[in-house]
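Chemist: Below is the file start.txt, with compact mmCIF, C-alpha atoms.
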# COMPACT_ATOMS: atom_id res chain seq x y z
CA MET Q 20 3.02 -12.33 -14.95
CA HIS Q 21 -0.53 -12.36 -16.38
CA SER Q 22 -1.90 -13.67 -19.65
CA ILE Q 23 -3.84 -11.17 -21.73
CA PRO Q 24 -7.30 -12.00 -23.11
CA ILE Q 25 -7.82 -11.69 -26.86
CA ASP Q 26 -9.25 -8.34 -27.95
CA LYS Q 27 -11.40 -8.87 -31.03
CA THR Q 28 -10.38 -5.68 -32.82
CA PRO Q 29 -11.75 -5.74 -36.39
CA SER Q 30 -9.04 -3.77 -38.20
CA PHE Q 31 -5.71 -1.97 -37.94
CA SER Q 32 -7.56 1.37 -37.91
CA LYS Q 33 -8.75 0.56 -34.38
CA LEU Q 34 -5.20 0.16 -33.05
CA SER Q 35 -4.42 3.89 -32.59
CA LEU Q 36 -1.75 3.90 -35.29
CA ASP Q 37 -0.53 6.93 -37.23
CA GLU Q 38 -2.07 7.46 -40.68
CA GLN Q 39 1.38 7.09 -42.25
CA LEU Q 40 1.68 3.59 -40.81
CA LEU Q 41 -1.89 2.67 -41.77
CA SER Q 42 -1.14 3.73 -45.36
CA ALA Q 43 1.88 1.41 -45.40
CA VAL Q 44 -0.14 -1.43 -43.88
CA ASN Q 45 -2.83 -1.01 -46.54
CA LYS Q 46 -0.24 -0.92 -49.33
CA MET Q 47 1.28 -4.16 -48.02
CA GLY Q 48 -2.16 -5.79 -48.28
CA PHE Q 49 -2.73 -6.41 -44.56
CA GLU Q 50 -6.47 -6.37 -43.91
CA GLN Q 51 -6.93 -7.59 -40.35
CA PRO Q 52 -4.48 -7.93 -37.47
CA THR Q 53 -3.41 -11.45 -36.51
CA PRO Q 54 -4.03 -12.68 -32.94
CA VAL Q 55 -0.49 -11.81 -31.78
CA GLN Q 56 -0.85 -8.31 -33.24
CA LEU Q 57 -4.23 -7.84 -31.56
CA GLN Q 58 -2.81 -8.71 -28.18
CA ALA Q 59 0.71 -7.28 -28.32
CA ILE Q 60 0.25 -3.94 -30.10
CA PRO Q 61 -2.11 -2.27 -27.57
CA LEU Q 62 0.13 -3.27 -24.66
CA ALA Q 63 3.28 -2.13 -26.45
CA LEU Q 64 1.61 1.19 -27.27
CA ASP Q 65 1.12 1.64 -23.51
CA HIS Q 66 4.92 1.33 -23.27
CA LYS Q 67 4.74 -1.97 -21.35
CA ASP Q 68 7.59 -4.47 -21.35
CA LEU Q 69 6.35 -7.66 -23.03
CA LEU Q 70 7.21 -11.36 -23.08
CA VAL Q 71 5.48 -12.74 -26.17
CA SER Q 72 5.17 -16.37 -27.28
CA ALA Q 73 3.96 -16.85 -30.87
CA GLU Q 74 4.80 -19.39 -33.54
CA THR Q 75 6.70 -18.51 -36.69
CA GLY Q 76 4.50 -17.00 -39.38
CA SER Q 77 1.97 -15.55 -36.93
CA GLY Q 78 2.69 -11.92 -37.80
CA LYS Q 79 4.96 -11.20 -34.85
CA THR Q 80 7.33 -8.96 -36.84
CA ALA Q 81 4.60 -6.36 -37.37
CA ALA Q 82 3.51 -6.96 -33.77
CA PHE Q 83 6.75 -5.39 -32.51
CA LEU Q 84 7.56 -3.03 -35.39
CA LEU Q 85 4.23 -1.18 -35.57
CA PRO Q 86 4.06 -0.05 -31.93
CA THR Q 87 7.78 0.79 -31.99
CA LEU Q 88 7.41 2.95 -35.11
CA GLN Q 89 4.30 4.56 -33.62
CA HIS Q 90 6.32 5.48 -30.53
CA LEU Q 91 9.11 7.00 -32.63
CA LEU Q 92 6.60 9.05 -34.65
CA SER Q 93 4.53 10.31 -31.73
CA LEU Q 94 7.49 11.25 -29.51
CA PRO Q 95 10.18 12.89 -31.65
CA SER Q 96 13.56 12.97 -29.91
CA GLY Q 97 16.21 15.64 -30.16
CA LYS Q 98 18.80 13.38 -28.56
CA SER Q 99 21.58 11.63 -30.48
CA GLY Q 100 22.01 7.92 -31.01
CA THR Q 101 19.87 4.98 -32.09
CA ARG Q 102 16.29 5.14 -30.79
CA ALA Q 103 15.22 1.51 -31.34
CA LEU Q 104 17.28 -1.69 -31.68
CA VAL Q 105 16.07 -5.09 -32.89
CA LEU Q 106 18.36 -8.04 -32.13
CA THR Q 107 17.82 -11.27 -34.04
CA PRO Q 108 19.88 -14.51 -34.31
CA THR Q 109 20.66 -14.80 -38.03
CA ARG Q 110 21.62 -12.55 -40.91
CA GLU Q 111 18.77 -13.87 -43.04
CA LEU Q 112 16.15 -13.05 -40.42
CA ALA Q 113 17.69 -9.60 -39.86
CA GLN Q 114 17.39 -8.92 -43.60
CA GLN Q 115 13.76 -10.03 -43.60
CA ILE Q 116 12.89 -7.70 -40.70
CA PHE Q 117 14.85 -4.86 -42.30
CA LYS Q 118 12.83 -5.13 -45.53
CA HIS Q 119 9.60 -5.35 -43.53
CA CYS Q 120 10.58 -2.24 -41.59
CA GLN Q 121 11.43 -0.33 -44.77
CA GLN Q 122 7.96 -1.08 -46.13
CA LEU Q 123 6.27 0.10 -42.93
CA THR Q 124 8.30 3.33 -42.79
CA GLU Q 125 7.78 4.19 -46.48
CA PHE Q 126 5.52 7.18 -45.75
CA THR Q 127 7.48 8.38 -42.70
CA GLY Q 128 10.78 10.17 -42.35
CA LEU Q 129 12.21 7.45 -40.10
CA LYS Q 130 15.60 6.00 -41.04
CA THR Q 131 16.20 2.24 -40.85
CA GLY Q 132 19.59 0.50 -40.70
CA LEU Q 133 20.89 -3.07 -40.95
CA ILE Q 134 23.92 -4.40 -39.09
CA THR Q 135 25.07 -7.98 -39.73
CA GLY Q 136 28.32 -9.84 -40.18
CA GLY Q 137 29.62 -10.21 -43.70
CA ASP Q 138 28.76 -6.62 -44.68
CA ASP Q 139 31.04 -3.57 -44.84
CA PHE Q 140 32.15 -2.58 -41.32
CA ARG Q 141 32.89 1.06 -42.14
CA LEU Q 142 29.55 1.61 -43.84
CA GLN Q 143 27.86 0.32 -40.70
CA GLN Q 144 29.93 2.66 -38.54
CA ASN Q 145 28.94 5.63 -40.70
CA MET Q 146 25.29 4.60 -40.62
CA LEU Q 147 25.32 4.58 -36.81
CA ARG Q 148 27.02 7.98 -36.68
CA ARG Q 149 24.11 9.40 -38.71
CA ASN Q 150 21.73 8.63 -35.82
CA THR Q 151 19.65 6.01 -37.62
CA ASP Q 152 16.27 5.79 -35.85
CA ILE Q 153 15.79 2.01 -35.83
CA VAL Q 154 18.54 -0.58 -36.32
CA ILE Q 155 18.03 -4.30 -37.02
CA ALA Q 156 21.12 -6.31 -36.08
CA THR Q 157 22.74 -9.59 -35.14
CA PRO Q 158 24.46 -9.64 -31.71
CA GLY Q 159 27.98 -10.54 -32.90
CA ARG Q 160 28.45 -7.56 -35.20
CA VAL Q 161 26.93 -5.16 -32.63
CA LEU Q 162 29.53 -6.26 -30.09
CA GLU Q 163 32.32 -5.74 -32.65
CA LEU Q 164 31.09 -2.19 -33.19
CA MET Q 165 30.79 -1.66 -29.44
CA ASP Q 166 34.49 -2.53 -29.15
CA GLN Q 167 35.10 0.46 -31.43
CA GLU Q 168 32.86 2.59 -29.16
CA ILE Q 169 30.60 3.40 -32.11
CA PRO Q 170 27.00 2.50 -31.17
CA ASP Q 171 25.39 4.96 -28.77
CA PHE Q 172 22.58 3.19 -26.95
CA SER Q 173 22.50 5.55 -23.96
CA ASN Q 174 19.31 7.16 -25.32
CA LEU Q 175 17.76 3.97 -26.68
CA GLU Q 176 13.98 4.02 -26.24
CA VAL Q 177 13.01 0.50 -27.38
CA LEU Q 178 14.97 -2.77 -27.31
CA ILE Q 179 13.47 -5.77 -29.14
CA LEU Q 180 14.79 -9.33 -28.81
CA ASP Q 181 13.32 -11.44 -31.60
CA GLU Q 182 13.62 -15.25 -31.64
CA ALA Q 183 15.08 -15.09 -28.14
CA ASP Q 184 15.01 -18.88 -27.73
CA ARG Q 185 17.04 -19.33 -30.90
CA MET Q 186 19.61 -16.73 -29.81
CA LEU Q 187 20.04 -18.69 -26.59
CA ASP Q 188 20.40 -21.98 -28.49
CA MET Q 189 23.10 -20.37 -30.67
CA GLY Q 190 25.08 -19.29 -27.61
CA PHE Q 191 24.27 -15.57 -27.76
CA SER Q 192 23.00 -15.30 -24.17
CA GLU Q 193 25.99 -13.39 -22.79
CA ASP Q 194 26.23 -11.22 -25.93
CA VAL Q 195 22.58 -10.22 -25.70
CA LEU Q 196 22.82 -9.44 -21.99
CA SER Q 197 26.00 -7.41 -22.58
CA ILE Q 198 24.23 -5.32 -25.23
CA ALA Q 199 21.12 -4.92 -23.07
CA ASN Q 200 23.22 -3.73 -20.14
CA SER Q 201 24.77 -1.02 -22.32
CA CYS Q 202 21.34 0.37 -23.23
CA ASN Q 203 19.29 3.06 -21.54
CA THR Q 204 17.83 1.52 -18.36
CA ARG Q 205 14.54 3.41 -18.87
CA ARG Q 206 13.92 1.82 -22.26
CA GLN Q 207 10.97 -0.36 -23.22
CA THR Q 208 11.93 -4.01 -23.89
CA LEU Q 209 9.95 -6.47 -26.02
CA LEU Q 210 11.06 -10.13 -25.92
CA PHE Q 211 9.60 -12.47 -28.56
CA SER Q 212 10.06 -16.25 -28.55
CA ALA Q 213 8.52 -19.25 -30.31
CA THR Q 214 8.00 -20.87 -26.90
CA LEU Q 215 7.93 -19.92 -23.24
CA THR Q 216 9.00 -23.39 -22.08
CA HIS Q 217 12.62 -22.86 -23.10
CA PHE Q 218 14.45 -22.82 -19.76
CA GLY Q 219 16.63 -19.86 -20.76
CA VAL Q 220 13.87 -17.58 -22.04
CA ILE Q 221 12.22 -17.00 -18.67
CA LYS Q 222 15.65 -16.54 -17.09
CA MET Q 223 16.55 -13.88 -19.67
CA ALA Q 224 13.15 -12.22 -19.28
CA ASP Q 225 13.80 -11.81 -15.56
CA LYS Q 226 17.06 -10.00 -16.36
CA VAL Q 227 15.95 -7.64 -19.14
CA LEU Q 228 12.22 -7.01 -18.52
CA THR Q 229 10.60 -4.79 -15.88
CA ASN Q 230 7.05 -5.42 -14.60
CA HIS Q 231 6.28 -7.10 -17.88
CA LYS Q 232 3.09 -8.49 -19.35
CA VAL Q 233 2.88 -11.91 -20.99
CA VAL Q 234 1.20 -12.63 -24.31
CA ALA Q 235 1.16 -16.41 -24.72
CA LEU Q 236 -0.49 -17.51 -27.93
CA ASN Q 237 1.13 -20.91 -27.96
CA THR Q 238 3.33 -23.23 -25.98
CA LEU Q 239 5.92 -25.73 -27.12
CA TYR Q 240 3.31 -28.49 -27.17
CA ASP Q 241 0.72 -26.79 -29.35
CA GLY Q 242 0.21 -28.62 -32.62
CA HIS Q 243 0.67 -26.85 -35.92
CA ARG Q 244 -2.95 -26.82 -37.09
CA ASN Q 245 -2.09 -25.92 -40.69
CA ILE Q 246 0.62 -28.55 -41.07
CA GLU Q 247 0.21 -32.25 -41.87
CA GLN Q 248 3.16 -34.12 -40.35
CA GLN Q 249 4.23 -37.46 -41.84
CA ILE Q 250 6.93 -40.10 -41.34
CA VAL Q 251 8.32 -42.30 -44.14
CA LEU Q 252 10.56 -45.23 -43.13
CA ALA Q 253 13.85 -45.78 -44.97
CA ASP Q 254 16.48 -48.53 -45.01
CA ASP Q 255 19.53 -46.28 -45.34
CA ASN Q 256 20.70 -42.98 -46.89
CA ASP Q 257 20.65 -44.41 -50.44
CA HIS Q 258 17.03 -45.40 -49.91
CA LYS Q 259 16.37 -41.94 -48.46
CA LEU Q 260 17.74 -40.30 -51.61
CA LYS Q 261 15.35 -42.34 -53.76
CA LEU Q 262 12.44 -41.41 -51.50
CA LEU Q 263 13.44 -37.75 -51.51
CA THR Q 264 13.68 -37.68 -55.30
CA TRP Q 265 10.28 -39.37 -55.65
CA LEU Q 266 8.62 -36.92 -53.24
CA LEU Q 267 10.10 -33.87 -54.96
CA GLN Q 268 8.91 -35.21 -58.32
CA HIS Q 269 5.40 -36.26 -57.26
CA GLU Q 270 4.25 -33.91 -54.48
CA THR Q 271 2.43 -30.68 -55.39
CA TYR Q 272 4.22 -27.59 -54.04
CA ASN Q 273 5.34 -24.08 -54.94
CA LYS Q 274 8.58 -24.17 -52.97
CA ALA Q 275 10.22 -26.92 -50.89
CA LEU Q 276 12.80 -26.98 -48.12
CA VAL Q 277 14.91 -30.09 -47.48
CA PHE Q 278 16.74 -30.10 -44.15
CA THR Q 279 19.96 -31.98 -43.36
CA ASN Q 280 22.01 -32.06 -40.17
CA SER Q 281 25.26 -31.12 -41.92
CA ARG Q 282 26.45 -28.93 -44.78
CA ILE Q 283 28.32 -31.94 -46.22
CA GLN Q 284 25.06 -33.85 -46.56
CA ALA Q 285 23.37 -30.84 -48.17
CA ASP Q 286 26.19 -30.50 -50.70
CA THR Q 287 26.15 -34.26 -51.36
CA LEU Q 288 22.44 -34.30 -52.23
CA ARG Q 289 22.62 -31.39 -54.65
CA GLY Q 290 24.27 -33.28 -57.55
CA PRO Q 291 21.91 -36.29 -57.72
CA LEU Q 292 18.83 -34.07 -57.44
CA ARG Q 293 20.03 -31.75 -60.19
CA GLY Q 294 20.70 -34.85 -62.25
CA GLN Q 295 16.94 -35.50 -62.05
CA LYS Q 296 16.27 -32.05 -63.60
CA LEU Q 297 15.13 -30.57 -60.27
CA ARG Q 298 15.83 -26.86 -59.66
CA VAL Q 299 17.84 -27.20 -56.45
CA GLY Q 300 19.97 -24.78 -54.43
CA VAL Q 301 21.97 -25.05 -51.19
CA LEU Q 302 21.97 -22.79 -48.13
CA HIS Q 303 24.30 -23.25 -45.14
CA GLY Q 304 26.59 -21.30 -42.83
CA GLU Q 305 29.82 -22.02 -44.70
CA MET Q 306 28.66 -20.09 -47.75
CA ASP Q 307 29.81 -16.54 -48.42
CA GLN Q 308 27.19 -13.97 -47.42
CA LYS Q 309 26.79 -12.74 -51.00
CA ASP Q 310 26.13 -16.31 -52.16
CA ARG Q 311 23.59 -16.81 -49.39
CA ASN Q 312 21.79 -13.60 -50.35
CA ARG Q 313 21.80 -14.58 -54.00
CA MET Q 314 20.38 -18.03 -53.24
CA MET Q 315 17.55 -16.52 -51.18
CA GLU Q 316 16.69 -14.15 -54.04
CA LEU Q 317 16.56 -17.05 -56.51
CA PHE Q 318 14.37 -19.02 -54.10
CA ARG Q 319 12.07 -16.07 -53.45
CA ASP Q 320 11.70 -15.36 -57.18
CA GLY Q 321 11.03 -19.01 -58.00
CA GLU Q 322 14.16 -19.49 -60.10
CA VAL Q 323 15.15 -22.14 -57.58
CA LYS Q 324 12.24 -24.25 -56.38
CA ILE Q 325 14.01 -26.44 -53.80
CA ILE Q 326 16.53 -25.45 -51.13
CA LEU Q 327 18.79 -27.97 -49.35
CA ALA Q 328 19.47 -26.34 -45.99
CA THR Q 329 20.98 -26.85 -42.58
CA ASP Q 330 19.31 -25.46 -39.45
CA LEU Q 331 20.73 -22.06 -40.36
CA ALA Q 332 17.61 -21.59 -42.50
CA ALA Q 333 15.18 -22.94 -39.92
CA ARG Q 334 14.79 -19.46 -38.39
CA GLY Q 335 16.14 -17.06 -40.96
CA LEU Q 336 13.92 -17.91 -43.92
CA ASP Q 337 10.63 -16.02 -44.17
CA ILE Q 338 9.47 -16.66 -47.72
CA LYS Q 339 5.90 -17.12 -48.90
CA GLY Q 340 4.93 -20.22 -50.83
CA ILE Q 341 6.94 -22.84 -48.90
CA ASN Q 342 4.36 -25.62 -48.60
CA LEU Q 343 6.62 -28.67 -48.41
CA VAL Q 344 9.32 -29.36 -45.81
CA ILE Q 345 11.27 -32.64 -45.87
CA ASN Q 346 13.60 -33.71 -43.09
CA PHE Q 347 16.19 -35.83 -44.90
CA ASP Q 348 17.92 -36.16 -41.52
CA VAL Q 349 15.80 -36.34 -38.38
CA PRO Q 350 16.62 -33.17 -36.40
CA ARG Q 351 18.66 -33.60 -33.24
CA ASN Q 352 15.92 -32.35 -30.92
CA GLY Q 353 12.29 -31.25 -30.74
CA ILE Q 354 13.12 -27.54 -30.72
CA ASN Q 355 14.90 -27.79 -34.08
CA TYR Q 356 12.01 -29.87 -35.43
CA ILE Q 357 9.52 -27.13 -34.53
CA HIS Q 358 11.56 -24.44 -36.23
CA ARG Q 359 12.11 -26.53 -39.35
CA ILE Q 360 8.44 -27.30 -39.93
CA GLY Q 361 7.56 -23.70 -39.00
CA ARG Q 362 8.78 -22.67 -42.45
CA THR Q 363 5.47 -23.95 -43.86
CA GLY Q 364 1.80 -23.68 -42.83
CA ARG Q 365 2.21 -19.97 -42.09
CA VAL Q 366 -0.88 -18.01 -40.97
CA ASP Q 367 -3.75 -19.35 -43.17
CA GLU Q 368 -1.66 -21.45 -45.57
CA LEU Q 369 -1.52 -25.25 -45.53
CA GLY Q 370 1.74 -27.16 -45.39
CA LEU Q 371 3.10 -30.71 -45.51
CA THR Q 372 6.16 -31.97 -43.62
CA ILE Q 373 7.75 -35.38 -44.15
CA ALA Q 374 10.52 -36.94 -42.06
CA LEU Q 375 12.59 -39.74 -43.61
CA VAL Q 376 13.44 -42.10 -40.76
CA LYS Q 377 15.88 -45.01 -40.80
CA HIS Q 378 16.27 -47.55 -38.01
CA THR Q 379 19.05 -45.64 -36.22
CA GLU Q 380 16.80 -42.56 -36.07
CA TRP Q 381 13.62 -44.22 -34.81
CA ASN Q 382 14.27 -43.54 -31.14
CA LEU Q 383 15.17 -39.93 -31.93
CA MET Q 384 11.94 -39.44 -33.86
CA SER Q 385 9.92 -41.12 -31.12
CA GLY Q 386 11.57 -38.82 -28.60
CA ILE Q 387 10.47 -35.78 -30.62
CA GLU Q 388 6.89 -37.11 -30.67
CA ARG Q 389 6.92 -37.57 -26.90
CA PHE Q 390 8.54 -34.16 -26.40
CA LEU Q 391 5.83 -32.44 -28.46
CA LYS Q 392 3.04 -34.72 -27.16
CA GLN Q 393 2.05 -35.46 -30.75
CA LYS Q 394 1.82 -38.53 -32.95
CA PHE Q 395 2.88 -38.20 -36.58
CA LYS Q 396 1.20 -40.04 -39.46
CA GLN Q 397 3.23 -42.93 -40.90
CA ARG Q 398 3.12 -43.03 -44.70
CA ARG Q 399 4.17 -45.75 -47.15
CA ILE Q 400 5.30 -45.11 -50.71
CA LYS Q 401 4.44 -48.34 -52.55
CA GLU Q 402 6.85 -47.74 -55.41
CA LEU Q 403 9.83 -47.49 -53.00
CA GLU Q 404 8.81 -49.48 -49.96
CA GLY Q 405 11.88 -50.76 -48.15
CA LYS Q 406 12.70 -53.64 -45.83
CA TYR Q 407 12.61 -51.61 -42.62
CA LYS Q 408 9.05 -51.68 -41.23
CA GLY Q 409 9.67 -50.03 -37.89
CA PRO Q 410 10.51 -51.36 -34.44
CA LYS Q 411 9.40 -54.75 -33.23
CA LYS Q 412 7.83 -55.04 -29.81
CA LEU Q 413 9.29 -57.90 -27.83
CA LYS Q 414 6.98 -59.77 -25.50
CA ALA Q 415 9.81 -60.54 -23.13
CA SER Q 416 10.72 -56.92 -22.41
CA GLY Q 417 7.74 -54.99 -23.75
CA LYS Q 418 10.19 -52.52 -25.32
CA ALA Q 419 10.77 -51.66 -28.97
CA THR Q 420 14.03 -51.87 -30.83
CA GLY Q 421 15.16 -50.15 -33.99
CA GLY Q 422 14.37 -53.29 -35.94
CA LYS Q 423 17.95 -54.34 -36.71
CA SER Q 424 19.21 -55.98 -33.54
CA LYS Q 425 17.53 -58.93 -31.86
CA ILE Q 426 17.41 -59.29 -28.11
CA GLU Q 427 17.40 -62.88 -26.94
CA PRO Q 428 15.20 -63.51 -23.89
CA LYS Q 429 17.18 -64.32 -20.77
CA LYS Q 430 17.57 -68.01 -20.21
CA ALA Q 431 16.84 -69.34 -16.77
CA ALA Q 432 20.05 -69.94 -14.91
CA ALA Q 433 20.56 -73.66 -14.31
CA GLU Q 434 21.43 -74.71 -10.78
CA LYS Q 435 24.97 -76.04 -10.47
CA VAL Q 436 25.18 -79.77 -9.96
CA LYS Q 437 27.48 -80.88 -7.20
CA ILE Q 438 29.81 -83.67 -8.37
CA ARG Q 439 30.64 -86.05 -5.56
CA HIS Q 440 33.79 -88.21 -5.32
CA ARG Q 441 31.95 -91.42 -6.17
CA ASP Q 442 30.54 -89.86 -9.31
CA LYS Q 443 33.99 -89.25 -10.74
CA LYS Q 444 34.21 -92.93 -11.45
CA ASN Q 445 31.28 -92.59 -13.82
CA VAL Q 446 32.92 -89.88 -15.94
CA GLY Q 447 32.46 -90.71 -19.61
CA LYS Q 448 29.50 -92.95 -18.96
CA ARG Q 449 26.02 -91.95 -20.17
CA ARG Q 450 24.17 -90.29 -17.32
CA ILE Q 451 21.27 -87.84 -17.19
CA PRO Q 452 21.55 -85.68 -14.06
CA THR Q 453 18.47 -84.27 -12.38
CA VAL Q 454 18.46 -80.46 -12.48
CA LYS Q 455 16.17 -78.24 -10.42
CA SER Q 456 14.69 -75.26 -12.30
CA ASP Q 457 13.87 -71.79 -11.02
CA VAL Q 458 11.28 -71.32 -13.77
CA ALA Q 459 7.74 -72.09 -12.76
CA VAL Q 460 5.56 -73.54 -15.49
CA ASN Q 461 2.02 -72.13 -15.54
The structure given in the file should be rewritten as structure tokens.
Modeler:
Amino acid sequence: MHSIPIDKTPSFSKLSLDEQLLSAVNKMGFEQPTPVQLQAIPLALDHKDLLVSAETGSGKTAAFLLPTLQHLLSLPSGKSGTRALVLTPTRELAQQIFKHCQQLTEFTGLKTGLITGGDDFRLQQNMLRRNTDIVIATPGRVLELMDQEIPDFSNLEVLILDEADRMLDMGFSEDVLSIANSCNTRRQTLLFSATLTHFGVIKMADKVLTNHKVVALNTLYDGHRNIEQQIVLADDNDHKLKLLTWLLQHETYNKALVFTNSRIQADTLRGPLRGQKLRVGVLHGEMDQKDRNRMMELFRDGEVKIILATDLAARGLDIKGINLVINFDVPRNGINYIHRIGRTGRVDELGLTIALVKHTEWNLMSGIERFLKQKFKQRRIKELEGKYKGPKKLKASGKATGGKSKIEPKKAAAEKVKIRHRDKKNVGKRRIPTVKSDVAVN
């Protein structure tokens, strides 16, 4: 595997793309390719298998769609079946890519299809029978259709795995490999991931890629240059709610995302925030698909300004104008933290992320800092400053605690005094025995 140097191409017109695609790119307002597009598109146009690492919001969707569409336009196929397949972990992300693809194919005759759970099964079957050129799908629904022997991937020319690390985290590894194994073995495969340090990504790359090139724009430990990351200490969840309300009322933002670790917590926060006249919505996996779609439309259109979300939205939400992300609950690991804050600070935009941390979450937050090799800025809100001030360093152990429990230093063990027979007669009488100590006094 070899890293590819950055090619300083000034515009999309230098990337050997069809005029129909360039017209779509211009209509969408794209002026210059992003770094991931500059590096990945030329290699993909050479029909190379790629392993690409790029952070969310870097323009990676166009980085795999443009060369794929160029291939489909330049090499018309008379064979039946889907020509290109994009697999992605969530319905929301699949819908985002589908809309992006529709915009790019506006001036072409290429047909685009969407396959996700929660939508009409028969309509999806009929769409596949019509030999749709490029299909964007989630793995679960594709496998259900494969059980009905509907998808024909024997002539597939391009397979794209987007957010591969997230698909692995969601348990889709075997599903993805099963789908890949059913595809044309002579296909081109493009694997995109937010990081190359995920232990499963390299393993999957070895199974699905052939003589591939690597485009590594970032690693797990790269800081988010456009994002200011803060920590605010809290006493408990009631204190967190007050802090959250204050931040949503006083920070300047177009749209805000508030992340919780459970749908119950998200639902619980909605009432009090609405009671403060805040335009709040909820997004989690237990919602009906139509309700999820509706909520995203309201958020995109600005009817809802704040979304309370679980990690479902950490990857599937690609909406402009999100410049505030608040972690009401500290995420369970560094990977989830990266994907949560990746909703803001996209491309050239600036973003602010704030984690509300109580004493039981301090070690978890510190672990995320160590994992990412970063130090977050601690912020105090004077109007709502609580009792918890962070961990206290103990001189005896040199370690920090969450600030609630106290560790008593170990007392020196006193040497047992041997009681002789003649001393028993003095029981009850005042006597000060001489005790040897193991503690040296400096």
Chemist: Every residue with an atom at most 9 Å from (9.5, 1.9, -25.8) (file coordinates; only C-alpha atoms) is what I'm after, so could you write them as a list in words?
Modeler: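 Collected hits near the coordinates: Ala63, Leu64, Asp65, His66, Lys67, Asp68, Pro86, Thr87, His90, Leu91, Ala103, Leu175, Glu176, Val177, Leu178, Arg205, Arg206, Gln207, Thr208 and Leu209 of chain Q.
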Chemist: Check the smallest atom-to-atom distance from each of Q:Gln308, Q:Ser201, Q:Thr329, Q:Thr271 to Q:Gly136 using all atoms listed in the file, then report the winner.
Modeler: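 Closest candidate: Q:Gln308.
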Chemist: Which value, in Å to one decimal, gives the distance between atom CA of Q:Gln122 and atom CA of Q:Ile155?
Modeler: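 So the answer is 14.0 Å.
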Chemist: Here is a test: counting only C-alpha atoms, which residue of Q:Asn150, Q:Glu163, Q:Arg289, Q:Glu182 is nearest to Q:Thr109?
Modeler: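 Ranked by minimum distance to Q:Thr109, first place goes to Q:Glu182.
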Chemist: If you count only C-alpha atoms, which residues fall within 7 Å of stretch 273-283 of chain Q, apart from same-chain ones fewer than 3 positions away, as a short mmCIF file (atom, residue, chain, number, x, y, z; two decimals) with C-alpha atoms, keeping the file's coordinate frame?
Modeler:
data_model
loop_
_atom_site.label_atom_id
_atom_site.label_comp_id
_atom_site.auth_asym_id
_atom_site.auth_seq_id
_atom_site.Cartn_x
_atom_site.Cartn_y
_atom_site.Cartn_z
CA ASP Q 286 26.19 -30.50 -50.70
CA THR Q 287 26.15 -34.26 -51.36
CA HIS Q 303 24.30 -23.25 -45.14
CA LYS Q 324 12.24 -24.25 -56.38
CA ILE Q 325 14.01 -26.44 -53.80
CA ILE Q 326 16.53 -25.45 -51.13
CA LEU Q 327 18.79 -27.97 -49.35
CA ALA Q 328 19.47 -26.34 -45.99
CA THR Q 329 20.98 -26.85 -42.58
CA GLY Q 340 4.93 -20.22 -50.83
CA ILE Q 341 6.94 -22.84 -48.90
CA ASN Q 342 4.36 -25.62 -48.60
CA LEU Q 343 6.62 -28.67 -48.41
CA VAL Q 344 9.32 -29.36 -45.81
CA ILE Q 345 11.27 -32.64 -45.87
CA ASN Q 346 13.60 -33.71 -43.09
CA PHE Q 347 16.19 -35.83 -44.90
CA ASP Q 348 17.92 -36.16 -41.52
CA PRO Q 350 16.62 -33.17 -36.40
#
Chemist: Which residues of stretch 34-131 of chain Q come within 10 Å of stretch 352-367 of chain Q, and for each one, what is the closest pair of atoms and their distance in Å to one decimal, counting all atoms listed in the file, sorted by chain and residue number, as a tab-separated table?
Modeler:
residue	atom	partner	partner_atom	distance
Q:Thr53	CA	Q:Val366	CA	8.3
Q:Glu74	CA	Q:Gly361	CA	7.5
Q:Thr75	CA	Q:Gly361	CA	5.7
Q:Gly76	CA	Q:Arg365	CA	4.6
Q:Ser77	CA	Q:Val366	CA	5.5
Q:Gly78	CA	Q:Val366	CA	7.7
Chemist: Give me, please, the distance in Å between atom CA of Q:Ala113 and atom CA of Q:Leu302, quoted to one decimal.
Modeler: 16.1 Å
Chemist: Just give me the gap between atom CA of Q:Ile198 and atom CA of Q:Leu162 in Å, one decimal is fine.
Modeler: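 Separation of atom CA of Q:Ile198 and atom CA of Q:Leu162: 7.3 Å.
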Chemist: Considering all atoms listed in the file, state which residue in the set Q:Leu85, Q:Val234, Q:Leu331, Q:Leu252 is at the smallest distance from Q:Arg185.
Modeler: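 For Q:Arg185, the nearest of the given residues is Q:Leu331.
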Chemist: Can you tell me, as a list in words, what residues are no more than 12 Å from Q:Gly137 when counting only C-alpha atoms, ignoring any on the same chain fewer than 6 positions away?
Modeler: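 Everything that qualifies: Thr109, Arg110, Glu111, Gln143, Thr157, Gly159, Arg160, Gly304, Glu305, Met306, Asp307, Gln308, Lys309, Asp310, Arg311 and Asn312 of chain Q.
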